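The file my_file.cif contains mmCIF, C-alpha atoms:
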data_input
loop_
_atom_site.group_PDB
_atom_site.id
_atom_site.type_symbol
_atom_site.label_atom_id
_atom_site.label_comp_id
_atom_site.auth_asym_id
_atom_site.auth_seq_id
_atom_site.Cartn_x
_atom_site.Cartn_y
_atom_site.Cartn_z
ATOM 1 C CA MET E 1 0.000 0.000 0.000
ATOM 2 C CA VAL E 2 2.888 2.366 0.759
ATOM 3 C CA GLU E 3 4.261 1.773 -2.740
ATOM 4 C CA ILE E 4 0.876 2.656 -4.315
ATOM 5 C CA TYR E 5 0.734 5.742 -2.088
ATOM 6 C CA ASP E 6 4.122 6.935 -3.345
ATOM 7 C CA ARG E 7 3.216 6.306 -6.977
ATOM 8 C CA LEU E 8 -0.065 8.201 -6.732
ATOM 9 C CA LEU E 9 1.677 11.261 -5.318
ATOM 10 C CA GLN E 10 3.544 11.642 -8.625
ATOM 11 C CA PHE E 11 0.335 12.746 -10.336
ATOM 12 C CA THR E 12 -1.572 16.019 -10.062
ATOM 13 C CA LEU E 13 -4.873 14.150 -9.771
ATOM 14 C CA PHE E 14 -3.923 13.009 -6.278
ATOM 15 C CA GLN E 15 -1.838 15.941 -5.078
ATOM 16 C CA GLY E 16 -3.381 17.941 -2.251
ATOM 17 C CA MET E 17 -5.220 14.948 -0.795
ATOM 18 C CA SER E 18 -4.716 14.254 2.875
ATOM 19 C CA HIS E 19 -2.702 11.257 4.028
ATOM 20 C CA ALA E 20 -5.875 9.593 5.307
ATOM 21 C CA ASP E 21 -7.707 10.115 2.001
ATOM 22 C CA LEU E 22 -4.771 8.814 -0.017
ATOM 23 C CA MET E 23 -4.464 5.717 2.144
ATOM 24 C CA GLN E 24 -8.202 5.129 1.715
ATOM 25 C CA VAL E 25 -7.875 5.469 -2.047
ATOM 26 C CA ALA E 26 -4.846 3.166 -2.127
ATOM 27 C CA GLY E 27 -6.625 0.567 -0.009
ATOM 28 C CA HIS E 28 -10.115 0.590 -1.527
ATOM 29 C CA THR E 29 -9.651 1.465 -5.207
ATOM 30 C CA LYS E 30 -9.221 -1.271 -7.808
ATOM 31 C CA PHE E 31 -6.024 -0.344 -9.612
ATOM 32 C CA GLY E 32 -4.577 -2.348 -12.466
ATOM 33 C CA PHE E 33 -0.811 -2.799 -12.649
ATOM 34 C CA SER E 34 1.179 -3.759 -15.724
ATOM 35 C CA LYS E 35 4.673 -3.703 -17.184
ATOM 36 C CA LEU E 36 5.669 -3.173 -20.800
ATOM 37 C CA THR E 37 8.936 -4.249 -22.387
ATOM 38 C CA THR E 38 10.685 -2.064 -24.949
ATOM 39 C CA GLY E 39 9.057 -1.757 -28.369
ATOM 40 C CA LYS E 40 5.538 -2.854 -27.400
ATOM 41 C CA ARG E 41 2.389 -1.025 -28.428
ATOM 42 C CA LEU E 42 0.251 0.051 -25.495
ATOM 43 C CA ILE E 43 -2.571 1.941 -27.224
ATOM 44 C CA ARG E 44 -3.552 2.361 -30.865
ATOM 45 C CA GLU E 45 -5.133 5.552 -32.175
ATOM 46 C CA GLY E 46 -8.912 5.072 -32.139
ATOM 47 C CA ASP E 47 -8.964 2.604 -29.237
ATOM 48 C CA PRO E 48 -11.818 3.242 -26.769
ATOM 49 C CA CYS E 49 -10.709 5.308 -23.756
ATOM 50 C CA THR E 50 -12.215 3.226 -20.958
ATOM 51 C CA HIS E 51 -9.442 3.686 -18.362
ATOM 52 C CA LEU E 52 -7.182 6.332 -16.961
ATOM 53 C CA VAL E 53 -3.664 5.112 -17.716
ATOM 54 C CA PHE E 54 -0.776 6.377 -15.566
ATOM 55 C CA LEU E 55 2.830 5.980 -16.721
ATOM 56 C CA THR E 56 4.778 5.618 -13.477
ATOM 57 C CA ALA E 57 8.183 4.678 -14.933
ATOM 58 C CA GLY E 58 9.747 4.672 -18.384
ATOM 59 C CA THR E 59 9.303 6.523 -21.671
ATOM 60 C CA LEU E 60 6.658 6.151 -24.370
ATOM 61 C CA SER E 61 6.665 7.246 -27.990
ATOM 62 C CA VAL E 62 3.524 9.064 -29.123
ATOM 63 C CA GLU E 63 2.371 9.026 -32.739
ATOM 64 C CA MET E 64 -0.378 11.351 -33.988
ATOM 65 C CA GLN E 65 -1.500 12.040 -37.553
ATOM 66 C CA SER E 66 -3.835 14.276 -39.524
ATOM 67 C CA ASP E 67 -7.228 13.000 -40.634
ATOM 68 C CA ASP E 68 -5.994 12.635 -44.230
ATOM 69 C CA HIS E 69 -2.769 10.904 -43.070
ATOM 70 C CA ALA E 70 -0.706 13.522 -44.922
ATOM 71 C CA CYS E 71 1.149 14.608 -41.774
ATOM 72 C CA ARG E 72 2.391 12.493 -38.900
ATOM 73 C CA VAL E 73 4.349 13.480 -35.799
ATOM 74 C CA MET E 74 6.347 11.336 -33.393
ATOM 75 C CA GLU E 75 7.285 12.556 -29.924
ATOM 76 C CA GLN E 76 8.130 11.194 -26.471
ATOM 77 C CA VAL E 77 6.585 11.373 -23.010
ATOM 78 C CA SER E 78 8.210 10.220 -19.790
ATOM 79 C CA ALA E 79 6.897 9.298 -16.353
ATOM 80 C CA PRO E 80 5.008 10.597 -14.529
ATOM 81 C CA TYR E 81 2.413 11.031 -17.263
ATOM 82 C CA ILE E 82 -1.339 10.458 -17.677
ATOM 83 C CA LEU E 83 -2.366 9.330 -21.152
ATOM 84 C CA GLN E 84 -5.000 11.709 -22.584
ATOM 85 C CA PRO E 85 -7.275 11.949 -19.510
ATOM 86 C CA GLU E 86 -9.517 14.446 -21.347
ATOM 87 C CA HIS E 87 -10.709 11.626 -23.628
ATOM 88 C CA LEU E 88 -12.232 9.588 -20.801
ATOM 89 C CA PHE E 89 -15.347 11.768 -21.105
ATOM 90 C CA GLY E 90 -16.904 13.913 -23.813
ATOM 91 C CA ILE E 91 -18.262 13.356 -27.291
ATOM 92 C CA THR E 92 -15.320 11.260 -28.523
ATOM 93 C CA GLN E 93 -14.161 8.808 -25.865
ATOM 94 C CA ARG E 94 -11.298 7.365 -27.892
ATOM 95 C CA PHE E 95 -7.539 7.854 -27.860
ATOM 96 C CA THR E 96 -6.248 10.089 -30.640
ATOM 97 C CA ALA E 97 -2.654 8.853 -30.501
ATOM 98 C CA THR E 98 -0.706 5.606 -30.650
ATOM 99 C CA PHE E 99 1.562 4.925 -27.673
ATOM 100 C CA ARG E 100 4.532 2.518 -27.750
ATOM 101 C CA SER E 101 7.214 1.804 -25.181
ATOM 102 C CA LEU E 102 10.668 3.217 -25.881
ATOM 103 C CA THR E 103 12.015 1.780 -22.632
ATOM 104 C CA PRO E 104 10.654 -0.740 -20.117
ATOM 105 C CA CYS E 105 7.555 0.898 -18.613
ATOM 106 C CA ASN E 106 5.443 0.524 -15.479
ATOM 107 C CA LEU E 107 1.793 1.498 -15.680
ATOM 108 C CA ILE E 108 -1.239 1.849 -13.445
ATOM 109 C CA SER E 109 -4.751 1.808 -14.897
ATOM 110 C CA LEU E 110 -8.018 2.931 -13.357
ATOM 111 C CA ASP E 111 -11.343 1.786 -14.782
ATOM 112 C CA LYS E 112 -13.848 4.527 -15.646
ATOM 113 C CA GLN E 113 -16.256 3.279 -12.966
ATOM 114 C CA GLU E 114 -13.519 3.617 -10.366
ATOM 115 C CA VAL E 115 -12.791 7.125 -11.648
ATOM 116 C CA LEU E 116 -16.476 8.046 -11.284
ATOM 117 C CA LEU E 117 -16.466 6.697 -7.735
ATOM 118 C CA LEU E 118 -13.407 8.794 -6.844
ATOM 119 C CA LEU E 119 -15.019 11.855 -8.427
ATOM 120 C CA GLU E 120 -18.060 11.268 -6.232
ATOM 121 C CA THR E 121 -16.277 10.574 -2.957
ATOM 122 C CA GLN E 122 -13.002 12.543 -3.115
ATOM 123 C CA LEU E 123 -13.374 16.319 -3.380
ATOM 124 C CA VAL E 124 -9.686 17.002 -4.075
ATOM 125 C CA PHE E 125 -9.614 14.379 -6.834
ATOM 126 C CA ARG E 126 -12.725 15.974 -8.345
ATOM 127 C CA LEU E 127 -11.189 19.462 -8.238
ATOM 128 C CA ASN E 128 -7.925 18.223 -9.732
ATOM 129 C CA MET E 129 -9.789 16.561 -12.602
ATOM 130 C CA LEU E 130 -11.761 19.762 -13.223
ATOM 131 C CA ASN E 131 -8.511 21.739 -13.226
ATOM 132 C CA ILE E 132 -6.979 19.413 -15.834
ATOM 133 C CA MET E 133 -10.039 19.707 -18.099
ATOM 134 C CA SER E 134 -10.324 23.473 -17.590
ATOM 135 C CA THR E 135 -6.626 24.055 -18.266
ATOM 136 C CA GLU E 136 -6.813 22.108 -21.520
ATOM 137 C CA THR E 137 -9.914 24.041 -22.614
ATOM 138 C CA GLN E 138 -8.361 27.404 -21.729
ATOM 139 C CA ARG E 139 -5.149 26.540 -23.558
ATOM 140 C CA MET E 140 -7.042 25.620 -26.715
ATOM 141 C CA ARG E 141 -9.191 28.758 -26.544
ATOM 142 C CA HIS E 142 -6.121 30.935 -25.997
ATOM 143 C CA ASN E 143 -4.451 29.538 -29.116
ATOM 144 C CA ILE E 144 -7.162 31.115 -31.267
ATOM 145 C CA TRP E 145 -6.349 34.605 -29.974
ATOM 146 C CA ARG E 146 -2.568 34.463 -30.026
ATOM 147 C CA GLN E 147 -0.751 37.013 -32.160
ATOM 148 C CA ALA E 148 -0.606 35.903 -35.778
ATOM 149 C CA PRO E 149 2.832 34.816 -37.044
ATOM 150 C CA ARG E 150 4.590 37.667 -38.824
ATOM 151 C CA SER E 151 6.851 35.602 -41.079
ATOM 152 C CA LEU E 152 6.878 32.252 -42.832
ATOM 153 C CA ARG E 153 9.418 30.995 -40.290
ATOM 154 C CA GLU E 154 7.035 31.838 -37.446
ATOM 155 C CA ARG E 155 4.153 30.142 -39.293
ATOM 156 C CA ILE E 156 6.222 26.974 -39.674
ATOM 157 C CA ILE E 157 7.109 27.040 -35.978
ATOM 158 C CA ARG E 158 3.425 27.534 -35.083
ATOM 159 C CA PHE E 159 2.607 24.561 -37.335
ATOM 160 C CA PHE E 160 5.027 22.348 -35.396
ATOM 161 C CA PHE E 161 3.907 23.454 -31.935
ATOM 162 C CA SER E 162 0.184 23.172 -32.668
ATOM 163 C CA ARG E 163 0.510 19.504 -33.578
ATOM 164 C CA CYS E 164 2.418 18.297 -30.520
ATOM 165 C CA LEU E 165 1.121 16.988 -27.204
ATOM 166 C CA TYR E 166 4.069 18.323 -25.241
ATOM 167 C CA PRO E 167 5.704 21.659 -26.195
ATOM 168 C CA ALA E 168 9.303 20.546 -25.666
ATOM 169 C CA GLY E 169 11.734 17.741 -26.410
ATOM 170 C CA PRO E 170 12.533 15.807 -29.602
ATOM 171 C CA LYS E 171 9.930 15.587 -32.387
ATOM 172 C CA THR E 172 9.886 13.980 -35.815
ATOM 173 C CA PHE E 173 7.442 15.193 -38.463
ATOM 174 C CA TYR E 174 6.638 13.011 -41.459
ATOM 175 C CA VAL E 175 5.298 15.450 -44.042
ATOM 176 C CA LEU E 176 6.109 16.209 -47.666
ATOM 177 C CA MET E 177 7.257 19.686 -48.623
ATOM 178 C CA ASN E 178 4.275 20.071 -50.991
ATOM 179 C CA GLN E 179 1.865 19.216 -48.181
ATOM 180 C CA LEU E 180 3.515 21.671 -45.812
ATOM 181 C CA ALA E 181 3.271 24.359 -48.495
ATOM 182 C CA ALA E 182 -0.433 23.612 -48.987
ATOM 183 C CA ASP E 183 -1.157 23.674 -45.248
ATOM 184 C CA LEU E 184 0.646 27.005 -44.845
ATOM 185 C CA ASN E 185 -0.684 28.491 -48.093
ATOM 186 C CA ASP E 186 2.765 29.281 -49.418
ATOM 187 C CA SER E 187 5.034 28.106 -52.226
ATOM 188 C CA ARG E 188 7.106 24.964 -51.972
ATOM 189 C CA LEU E 189 10.209 26.982 -52.839
ATOM 190 C CA ASP E 190 9.705 29.421 -49.959
ATOM 191 C CA ILE E 191 8.975 26.558 -47.548
ATOM 192 C CA SER E 192 12.144 24.759 -48.648
ATOM 193 C CA ARG E 193 14.259 27.905 -48.365
ATOM 194 C CA THR E 194 12.997 28.666 -44.841
ATOM 195 C CA LEU E 195 13.432 25.106 -43.629
ATOM 196 C CA ASN E 196 16.980 25.019 -44.957
ATOM 197 C CA GLN E 197 17.727 28.253 -43.102
ATOM 198 C CA MET E 198 16.421 26.641 -39.915
ATOM 199 C CA GLN E 199 18.633 23.625 -40.604
ATOM 200 C CA ASP E 200 21.644 25.914 -41.073
ATOM 201 C CA ASP E 201 20.809 27.420 -37.657
ATOM 202 C CA GLY E 202 20.998 23.933 -36.121
ATOM 203 C CA LEU E 203 17.310 23.842 -35.169
ATOM 204 C CA ILE E 204 16.124 21.006 -37.410
ATOM 205 C CA THR E 205 17.479 18.261 -39.666
ATOM 206 C CA LEU E 206 15.854 17.662 -43.048
ATOM 207 C CA HIS E 207 15.390 14.262 -44.658
ATOM 208 C CA ARG E 208 13.221 13.102 -47.534
ATOM 209 C CA GLY E 209 9.654 13.368 -46.226
ATOM 210 C CA ARG E 210 10.896 13.802 -42.657
ATOM 211 C CA ILE E 211 11.823 16.736 -40.422
ATOM 212 C CA VAL E 212 13.694 15.974 -37.193
ATOM 213 C CA ILE E 213 13.541 18.546 -34.393
ATOM 214 C CA PRO E 214 16.048 17.708 -31.620
ATOM 215 C CA MET E 215 14.533 20.152 -29.090
ATOM 216 C CA LEU E 216 11.226 21.798 -29.977
ATOM 217 C CA GLU E 217 11.614 24.572 -27.399
ATOM 218 C CA ARG E 218 14.774 25.819 -29.153
ATOM 219 C CA LEU E 219 12.615 26.986 -32.068
ATOM 220 C CA LEU E 220 11.364 29.831 -29.871
ATOM 221 C CA MET E 221 14.815 31.088 -28.913
#
Turn this file's structure into structure tokens for me.
Amino acid sequence: MVEIYDRLLQFTLFQGMSHADLMQVAGHTKFGFSKLTTGKRLIREGDPCTHLVFLTAGTLSVEMQSDDHACRVMEQVSAPYILQPEHLFGITQRFTATFRSLTPCNLISLDKQEVLLLLETQLVFRLNMLNIMSTETQRMRHNIWRQAPRSLRERIIRFFFSRCLYPAGPKTFYVLMNQLAADLNDSRLDISRTLNQMQDDGLITLHRGRIVIPMLERLLM
């Protein structure tokens, strides 16, 4: 029980709960525990989101793609991390990304019925869940009103950031130059010239149909 207690404290959903409440949760909630070896798929895009899944140790790759499959992005998330908790409820209760293990991983899962019980009985858990949902909503609403990019380089950077789950770390975009030009309403030549300038600055590495970004946050420097 002490081990579960320590693992739960890693996550914002349980932070702020009293010791007594946490021990009650650890002792009376039906958690699922699993391990994943390197290179195994955990979740496929489109799978039903019926559980909260907590990554307590290890690193996962995350793959997301556009509806027309013309653009795909690969990134990484490391423990502690909750896999798309906002998709447990709402109009589309399915995962929108594919998760695979990059290292050996430890995971805890919580069935939706158990989540509903915690929301009913644990005020702090309920407030933390509301804060997660509200923060995500506010972030998405704020994106609409951000200052418009003033150059093609800034539009490309906005393109990269808007398609990532986590705004930092290594990313790999699989997208053709023609598709990027169409999405940004610019010429292929201008897109190519700007991307090559960014490569010369050491911010990205260009390959055929692939753009590697070692550290996404460096694009803003």
Practice task
Fewer than 5 positions away in the same chain doesn't count, so skip those; otherwise give me all residues within 9 Å of Gly16 in chain E, counting all atoms listed in the file, as a list in words.
Solution key: Leu9, Val124, Phe125 and Asn128 of chain E
Problem - E:Ala70, E:Ala97, E:Ala182, E:Leu110 ranked by distance to Leu42 in chain E, top pick (using all atoms listed in the file) - result: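 Counting all atoms listed in the file, the residue closest to Leu42 in chain E is E:Ala97.
With distances taken over all atoms listed in the file, E:His51 is the one residue among E:Arg158, E:Arg210, E:Arg141, E:His51 lying closest to Glu86 in chain E.
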Practice task
Can you turn the PyMOL selection byres ((chain E and resi 160) around 12) into a concrete residue list for this file, as a VMD selection string?
Solution key: chain E and resid 71 to 75 153 to 159 161 to 168 170 to 175 180 183 to 184 204 211 to 213 215 to 217 219 to 220
Practice task
Can you pull out every residue within 12 Å of Asn196 in chain E, counting only C-alpha atoms, but drop anything in the same chain fewer than 3 positions away, and send it as a ChimeraX atom specification?
Solution key: /E:153,177,189-193,199-207,211
May I have the selected residues written with C-alpha atoms, as a PDB file, keeping the file's coordinate frame?
ATOM      1  CA  ARG E 153       9.418  30.995 -40.290  1.00  0.00           C
ATOM      2  CA  MET E 177       7.257  19.686 -48.623  1.00  0.00           C
ATOM      3  CA  LEU E 189      10.209  26.982 -52.839  1.00  0.00           C
ATOM      4  CA  ASP E 190       9.705  29.421 -49.959  1.00  0.00           C
ATOM      5  CA  ILE E 191       8.975  26.558 -47.548  1.00  0.00           C
ATOM      6  CA  SER E 192      12.144  24.759 -48.648  1.00  0.00           C
ATOM      7  CA  ARG E 193      14.259  27.905 -48.365  1.00  0.00           C
ATOM      8  CA  GLN E 199      18.633  23.625 -40.604  1.00  0.00           C
ATOM      9  CA  ASP E 200      21.644  25.914 -41.073  1.00  0.00           C
ATOM     10  CA  ASP E 201      20.809  27.420 -37.657  1.00  0.00           C
ATOM     11  CA  GLY E 202      20.998  23.933 -36.121  1.00  0.00           C
ATOM     12  CA  LEU E 203      17.310  23.842 -35.169  1.00  0.00           C
ATOM     13  CA  ILE E 204      16.124  21.006 -37.410  1.00  0.00           C
ATOM     14  CA  THR E 205      17.479  18.261 -39.666  1.00  0.00           C
ATOM     15  CA  LEU E 206      15.854  17.662 -43.048  1.00  0.00           C
ATOM     16  CA  HIS E 207      15.390  14.262 -44.658  1.00  0.00           C
ATOM     17  CA  ILE E 211      11.823  16.736 -40.422  1.00  0.00           C
TER      18      ILE E 211
END
Practice task
Grab the CA of Met129 in chain E to CA of Leu116 in chain E distance for me, in Å with one decimal place.
Solution key: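 Computing the Euclidean distance for CA of Met129 in chain E and CA of Leu116 in chain E yields 10.9 Å.
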Practice task
Compare E:Tyr81, E:Phe89, E:Phe14, E:Phe31 by their minimum atom-to-atom distance to Cys105 in chain E, counting only C-alpha atoms, and give me the closest one.
Solution key: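 The closest residue to Cys105 in chain E is E:Tyr81.
Nearest to Leu127 in chain E of all the residues E:Gln65, E:Leu13, E:Pro80, E:Lys30 is E:Leu13, based on all atoms listed in the file.
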Exercise for the section: Have a look at E:Thr29, E:Gln179, E:Ser66, E:Thr56 and name the one nearest to Leu8 in chain E; count only C-alpha atoms. Expected result: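 So, comparing all the options, the nearest one is E:Thr56.
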Problem - Residue nearest Arg7 in chain E among E:Leu36, E:Gln84, E:Glu45, E:Leu107 (counting only C-alpha atoms) - result: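 With only C-alpha atoms as the atom set, the closest residue is E:Leu107.
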Handout entry: Neighbour list for Gln76 in chain E as a ChimeraX atom specification, cut-off 9 Å, only C-alpha atoms, skip fewer than 4 positions in-chain
Key = /E:59-63,102,166,169-171
Problem - Separation of CA of Ser151 in chain E from CA of Arg139 in chain E, in Å and rounded to one decimal - result: 23.1 Å
Handout entry: Test item: the PyMOL selection byres ((chain E and resi 33) around 8) resolved as a PyMOL selection string
Key = chain E and resi 31-32+34-35+106-109
Exercise for the section: Using only C-alpha atoms, find all polymer residues with an atom at most 10 Å away from the point (7.5, -6.9, -23.0); report them as number ranges by chain. Expected result: E: 35-41, 101, 103-105
Axis-aligned box for all listed atoms of range 32-41 of chain E, 5 Å per side, centre and edges in Å to one decimal, as AutoDock Vina command-line options:
--center_x 3.1 --center_y -2.6 --center_z -20.4 --size_x 25.3 --size_y 13.2 --size_z 26.0
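For the pair CA of Ile43 in chain E and CA of Phe99 in chain E, the separation is 5.1 Å.
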